[in-house]
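A short worksheet on the structure shown next.
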Amino acid sequence: MPINYYIFLAISLFCIGIVGVLTRRNAIIIFMCIELMLNAVNLLLVAFSKMHHLNGVAQGNPAAGTDGQLFVFFIMVVAAAEVSVGLAIIVMMYRNIHSVDVNFLNRLKH
Amino acid sequence: MKNLLHIVFLIPLLPFFGFVINGLGRKYLTKGLIGIVGCGSVLVSFLISVWVFTEVKNGNTYIASYFDFIKVGDLTIPFAFQIDQLSSLFLLIITGVGFLIHVYSTSYMHGEEDDHFGRYFSYLNLFVFSMLLLVLGANYVIMFIGWEGVGLCSYLLIGYWFKNTGFNKAANKAFIMNRIGDLAFLIAVFWIISKVGNVNYGDVFAFAQANKFTTTDLTAITILLFIGATGKSAQIPLYTWLPDAMAGPTPVSALIHAATMVTAGIYMIARSNILYSLSPVTMNIVAIIGLATALVAATIALRQNDIKKVLAYSTVSQLGYMFLALGTGAYVAAVFHVMTHAFFKALLFLGSGSVIHAMGGEQDIRKMGGLSKHMKTTHATFLIGCLAIAGIPGLSGFFSKDEILAGAFAKSPVFYAIALGTALLTAFYMFRMYATTFKGTFRGTHEQEHHLHESPAAITVPLVILAILSVIGGYVGVPEFIIHGAHFLGDFLFPVFAASYEVLKPHEISHQTEWILTGISTALILVMVIFAWTRYSRKPDMEDAKGFGKILQHKWYVDELYEKIIVRPLNALASFLNEVFEKTVLDGMVNGVGRLVNYGSRQLRLLQSGQVGSYVLLMVVGMLLFFVFQFFLRK
């Protein structure tokens, strides 16, 4: 499959993520959109890595691009840790103001 | 010869140590110790100067270079001393007369409190140090350091009694007027640097002798240097500070405002003689300004009743004489007159100090009279001083004055006539003062009469020594027409002025003419002396003058004129700037900046809404802008 498809898919996912973050007020949906953006980038990384690998094989270097595939796992691990922290914050938010609407969270001003 | 170079830096350094010791220890040292440090340091400098003098007699010049004072790019200004005939002669005058005046001061200032006594001597030593630096420097910058130093010391010593507001004003006046001249001097130095690339005397004079200066440059430089000299040496138009400087203690007037500092301008021009000789326009300006100053100051002195003011105007007048000599190319005569004037004017000032001391601080000659009976030594020495300055044959003033008159005659008979007129006025006002002070009957209070006494030895001994010098000092320069080959001073100084003589080629006047001129001037001066003596012994001027005399008594109203055309407009401008310009424009600008920042930040604060969504939106917009810039706008 040509690389273009992957790129277009990643861009679409990323833009959906951005629009979601900008337009929605529910903290959980915003959080999901952030994850979407993160995974769009991840997808791109994997796609490029695969492309690099194929090029490497063609030039007699079968080890090329494998590090990109490994790297993605680390990103997923970090993202999982981040999700747990983010969800914990959202839970605390709900306990304090009985809502997950980010527009209520304007205390940063003070 | 090497020894000389190793030790010459001690000449200025010793008085500097005296300054440091007396200045720091003024609260702890006794008066005796302060006096010993003050006088001793100058005495040792004098002894070294004598040795230096004997070393340069055979016409050598030595340059002692110590370190690089300024080194910027191509410009190197070394800290170097030049020891030649001219500087060694000035060294002798400064340290010799300076030492006598230091000794005199130990007695004259004895009534001061201990720490003020120490302060006085530290200033005096600092002055001697600066003055020695001025004459020893081997380039214009080192000279300028001394030049500023003596100005500072003059300021400090005029305002020595700083609790008196009038004295402080006199000190300020002296300092400010000197600054005007100093600025011109400084510009001249910059000009020299820009043309020659260095300020060493040797290089500058060689540059001038090779005719590498354009006429404009040379004229401008010499005129600027001369303006510097008019400030320091009290010439028209910057002379009015000197009479006011009499606010300082009398020994200060003798040392700074008669014998040494005010002759710095003459030294500077004599040092730069080749520049002046190559610039005839400036020579004429110098001669005319000198002559005008001599005449104007002499007329003012005719009607002054303060004993020190008479001497102050007399000093201005004599300095004018020296500039006349410089302007007519009679450099030796000018330096000769500096020397003899240092002797007899220091003598007269110290004598007047002795009189003021005896009178309990009274300076008005109308309240004196008949003092010869009470103060025999002071009277005798003062009379010698008056005779010397009047130019009575046989005394030092006669020789130097006669040489200046001869130089003026060689240039133009008009100069001669005016200079002779000034000499007659000098004889007149000196003997008016002498007769009013020492002859006739005592006109002060009974209490003062009771207190009249001869001053102690520390005062009379310097007087006697200076009186002897005032008599014999002239014999180092007996004119050619009286005894052939007896002008030792001229021969001694010849190497310094040799280049100028080649340029100027002074035309000799015949011996017969000189005899006639000397005869005329001597006869007229004698008549004047006898006239003033007899007239003022019988009936001194007791009333304020009327008519023309009133104008003279008020010093031609020059101070009032300066007040009107310079001081008042300056004050008005300053108060306008202070009250209007600063309050509206400057304060407005500063406050405006403050207000702008205040307003701007209040507007910017609205961006901080606290809404997470709006922050994210701004972030995304920012990132988009970067993308747009990166992809489409970057070349």
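To be explicit about the labels: the chains of the structure tokens are called A, B, and onward in the order shown, and within each one the residues are counted from 1, while ligands get numbers from 1 in the order they are shown.
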Give me the residues within 10 Å of region 80-97 of chain A as a ChimeraX atom specification, counting only C-alpha atoms and dropping any in the same chain fewer than 3 places off. /A:27-28,31-32,35,74-77,100-102,104-105
Selection to disk with C-alpha atoms, as a short mmCIF file (atom, residue, chain, number, x, y, z; two decimals), in the first residue's frame:
data_model
loop_
_atom_site.label_atom_id
_atom_site.label_comp_id
_atom_site.auth_asym_id
_atom_site.auth_seq_id
_atom_site.Cartn_x
_atom_site.Cartn_y
_atom_site.Cartn_z
CA ALA A 27 -13.42 16.66 29.52
CA ILE A 28 -13.61 12.94 28.70
CA PHE A 31 -9.23 13.54 26.48
CA MET A 32 -10.18 10.99 23.89
CA GLU A 35 -5.42 10.32 22.45
CA PHE A 74 7.50 2.88 24.33
CA ILE A 75 5.20 5.68 23.22
CA MET A 76 2.18 3.48 23.91
CA VAL A 77 3.48 2.66 27.38
CA VAL A 100 -16.86 17.20 33.59
CA ASP A 101 -17.44 20.45 31.63
CA VAL A 102 -14.09 22.20 31.12
CA PHE A 104 -16.34 25.39 34.67
CA LEU A 105 -12.61 25.05 35.10
#
For chain B, which residues have at least one atom within 10 Å of chain A, if we go by only C-alpha atoms? Write them as a list in words, please.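 Every residue of chain B that passes the 10 Å test is in Arg605, Leu607, Gln608, Ser609, Gly610, Gln611, Val612, Gly613, Ser614, Tyr615, Val616, Leu617 and Val620 of chain B.
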Could those residues be written to a file, using N, CA and C atoms, as a PDB file, in the first residue's frame?
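The resulting file, part38.pdb, is reproduced below:
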ATOM      1  N   ARG B 605      -4.197  41.803  29.499  1.00  0.00           N
ATOM      2  CA  ARG B 605      -4.638  40.934  30.587  1.00  0.00           C
ATOM      3  C   ARG B 605      -5.948  40.224  30.220  1.00  0.00           C
ATOM      4  N   LEU B 607      -6.627  38.680  27.659  1.00  0.00           N
ATOM      5  CA  LEU B 607      -6.372  37.398  27.012  1.00  0.00           C
ATOM      6  C   LEU B 607      -6.383  36.253  28.009  1.00  0.00           C
ATOM      7  N   GLN B 608      -6.021  36.561  29.239  1.00  0.00           N
ATOM      8  CA  GLN B 608      -5.947  35.476  30.239  1.00  0.00           C
ATOM      9  C   GLN B 608      -7.348  35.246  30.814  1.00  0.00           C
ATOM     10  N   SER B 609      -8.170  34.442  30.063  1.00  0.00           N
ATOM     11  CA  SER B 609      -9.564  34.265  30.471  1.00  0.00           C
ATOM     12  C   SER B 609      -9.718  33.135  31.485  1.00  0.00           C
ATOM     13  N   GLY B 610      -8.734  32.220  31.508  1.00  0.00           N
ATOM     14  CA  GLY B 610      -8.883  31.064  32.367  1.00  0.00           C
ATOM     15  C   GLY B 610      -9.598  29.911  31.662  1.00  0.00           C
ATOM     16  N   GLN B 611     -10.169  30.152  30.465  1.00  0.00           N
ATOM     17  CA  GLN B 611     -10.846  29.100  29.710  1.00  0.00           C
ATOM     18  C   GLN B 611      -9.809  28.243  29.003  1.00  0.00           C
ATOM     19  N   VAL B 612      -9.773  26.949  29.347  1.00  0.00           N
ATOM     20  CA  VAL B 612      -8.784  26.067  28.745  1.00  0.00           C
ATOM     21  C   VAL B 612      -8.952  26.046  27.226  1.00  0.00           C
ATOM     22  N   GLY B 613     -10.208  26.072  26.787  1.00  0.00           N
ATOM     23  CA  GLY B 613     -10.496  26.011  25.356  1.00  0.00           C
ATOM     24  C   GLY B 613      -9.869  27.147  24.592  1.00  0.00           C
ATOM     25  N   SER B 614      -9.955  28.344  25.144  1.00  0.00           N
ATOM     26  CA  SER B 614      -9.407  29.492  24.420  1.00  0.00           C
ATOM     27  C   SER B 614      -7.884  29.405  24.357  1.00  0.00           C
ATOM     28  N   TYR B 615      -7.282  28.861  25.414  1.00  0.00           N
ATOM     29  CA  TYR B 615      -5.821  28.700  25.379  1.00  0.00           C
ATOM     30  C   TYR B 615      -5.430  27.736  24.269  1.00  0.00           C
ATOM     31  N   VAL B 616      -6.157  26.639  24.206  1.00  0.00           N
ATOM     32  CA  VAL B 616      -5.837  25.635  23.191  1.00  0.00           C
ATOM     33  C   VAL B 616      -6.023  26.220  21.804  1.00  0.00           C
ATOM     34  N   LEU B 617      -7.118  26.992  21.648  1.00  0.00           N
ATOM     35  CA  LEU B 617      -7.377  27.608  20.349  1.00  0.00           C
ATOM     36  C   LEU B 617      -6.202  28.487  19.936  1.00  0.00           C
ATOM     37  N   VAL B 620      -3.279  26.448  18.862  1.00  0.00           N
ATOM     38  CA  VAL B 620      -3.430  25.867  17.527  1.00  0.00           C
ATOM     39  C   VAL B 620      -3.248  26.934  16.457  1.00  0.00           C
TER      40      VAL B 620
END
Give me, as a ChimeraX atom specification, all polymer residues having an atom no more than 8 Å from His357 (chain B), counting only C-alpha atoms and skipping those fewer than 3 positions away in the same chain. /B:108,353-354,360-361,455
May I have the residues within 9 Å of Leu469 (chain B) as number ranges by chain, using only C-alpha atoms and disregarding those fewer than 6 positions away in the same chain? B: 340, 343-344, 396
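Minimum atom-to-atom distance to Ala408 (chain B), evaluated using only C-alpha atoms, belongs to B:His507 out of B:Arg179, B:His102, B:His257, B:His507.
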As a PDB file with C-alpha atoms, in the first residue's frame, please: the residues near region 362-372 of chain B (cut-off 6 Å, only C-alpha atoms, same-chain neighbours under 2 positions excluded).
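Output (around_24.pdb):
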ATOM      1  CA  ASN B 305      42.211 100.225  48.129  1.00  0.00           C
ATOM      2  CA  ASP B 306      42.587  96.593  49.139  1.00  0.00           C
ATOM      3  CA  ILE B 307      46.297  95.827  49.459  1.00  0.00           C
ATOM      4  CA  ILE B 356      47.763  92.035  57.233  1.00  0.00           C
ATOM      5  CA  MET B 359      46.958  94.712  61.363  1.00  0.00           C
ATOM      6  CA  GLY B 360      44.841  91.824  62.635  1.00  0.00           C
ATOM      7  CA  HIS B 374      56.660  99.495  63.426  1.00  0.00           C
ATOM      8  CA  MET B 375      57.735  96.885  60.906  1.00  0.00           C
ATOM      9  CA  LYS B 376      61.283  97.587  59.837  1.00  0.00           C
ATOM     10  CA  HIS B 379      59.025  97.711  55.250  1.00  0.00           C
ATOM     11  CA  THR B 436      49.674 104.870  51.696  1.00  0.00           C
ATOM     12  CA  THR B 437      50.613 101.778  53.681  1.00  0.00           C
ATOM     13  CA  PHE B 438      53.991 102.603  55.118  1.00  0.00           C
ATOM     14  CA  LYS B 439      54.278 106.398  55.102  1.00  0.00           C
ATOM     15  CA  GLY B 440      52.257 109.212  56.654  1.00  0.00           C
ATOM     16  CA  THR B 441      50.450 108.688  59.907  1.00  0.00           C
ATOM     17  CA  PHE B 442      48.625 105.646  61.223  1.00  0.00           C
ATOM     18  CA  ARG B 443      44.906 105.834  60.460  1.00  0.00           C
ATOM     19  CA  GLY B 444      43.611 102.623  62.108  1.00  0.00           C
TER      20      GLY B 444
END
Would you please give, as a list in words, all residues of region 64-106 of chain B that DSSP assigns to strand (DSSP E or B) based on the backbone?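 DSSP on the backbone gives strand (DSSP E or B) at Ala64, Ser65, Tyr66, Phe67, Asp68, Phe69, Ile70, Lys71, Val72, Leu75, Thr76, Ile77, Pro78, Phe79, Ala80, Phe81, Gln82 and Ile83 of chain B.
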Can I get the selected residues back with C-alpha atoms, as a CSV table (one decimal), in the first residue's frame?
chain,number,residue,atom,x,y,z
B,64,ALA,CA,62.7,59.9,31.1
B,65,SER,CA,59.9,57.5,30.0
B,66,TYR,CA,58.3,55.5,32.8
B,67,PHE,CA,55.3,53.7,31.4
B,68,ASP,CA,52.5,53.9,28.7
B,69,PHE,CA,49.9,56.2,30.2
B,70,ILE,CA,47.4,55.7,27.4
B,71,LYS,CA,47.6,53.0,24.6
B,72,VAL,CA,44.7,52.9,22.2
B,75,LEU,CA,48.0,56.2,19.7
B,76,THR,CA,50.5,55.8,22.5
B,77,ILE,CA,50.9,58.4,25.2
B,78,PRO,CA,53.8,57.7,27.4
B,79,PHE,CA,54.1,58.9,31.0
B,80,ALA,CA,57.4,60.7,30.4
B,81,PHE,CA,59.3,63.6,31.8
B,82,GLN,CA,61.3,66.0,29.8
B,83,ILE,CA,64.2,67.6,31.5
Assign secondary structure with DSSP using the backbone only, and return the residues of chain A in alpha helix (DSSP H) as an MDAnalysis selection string. chainID A and resid 3:23 27:58 66:97
Figure out the distance between CA of Leu405 (chain B) and CA of Ile525 (chain B), please, to one decimal in Å.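 According to the coordinates, CA of Ile525 (chain B) and CA of Leu405 (chain B) are separated by 13.3 Å.
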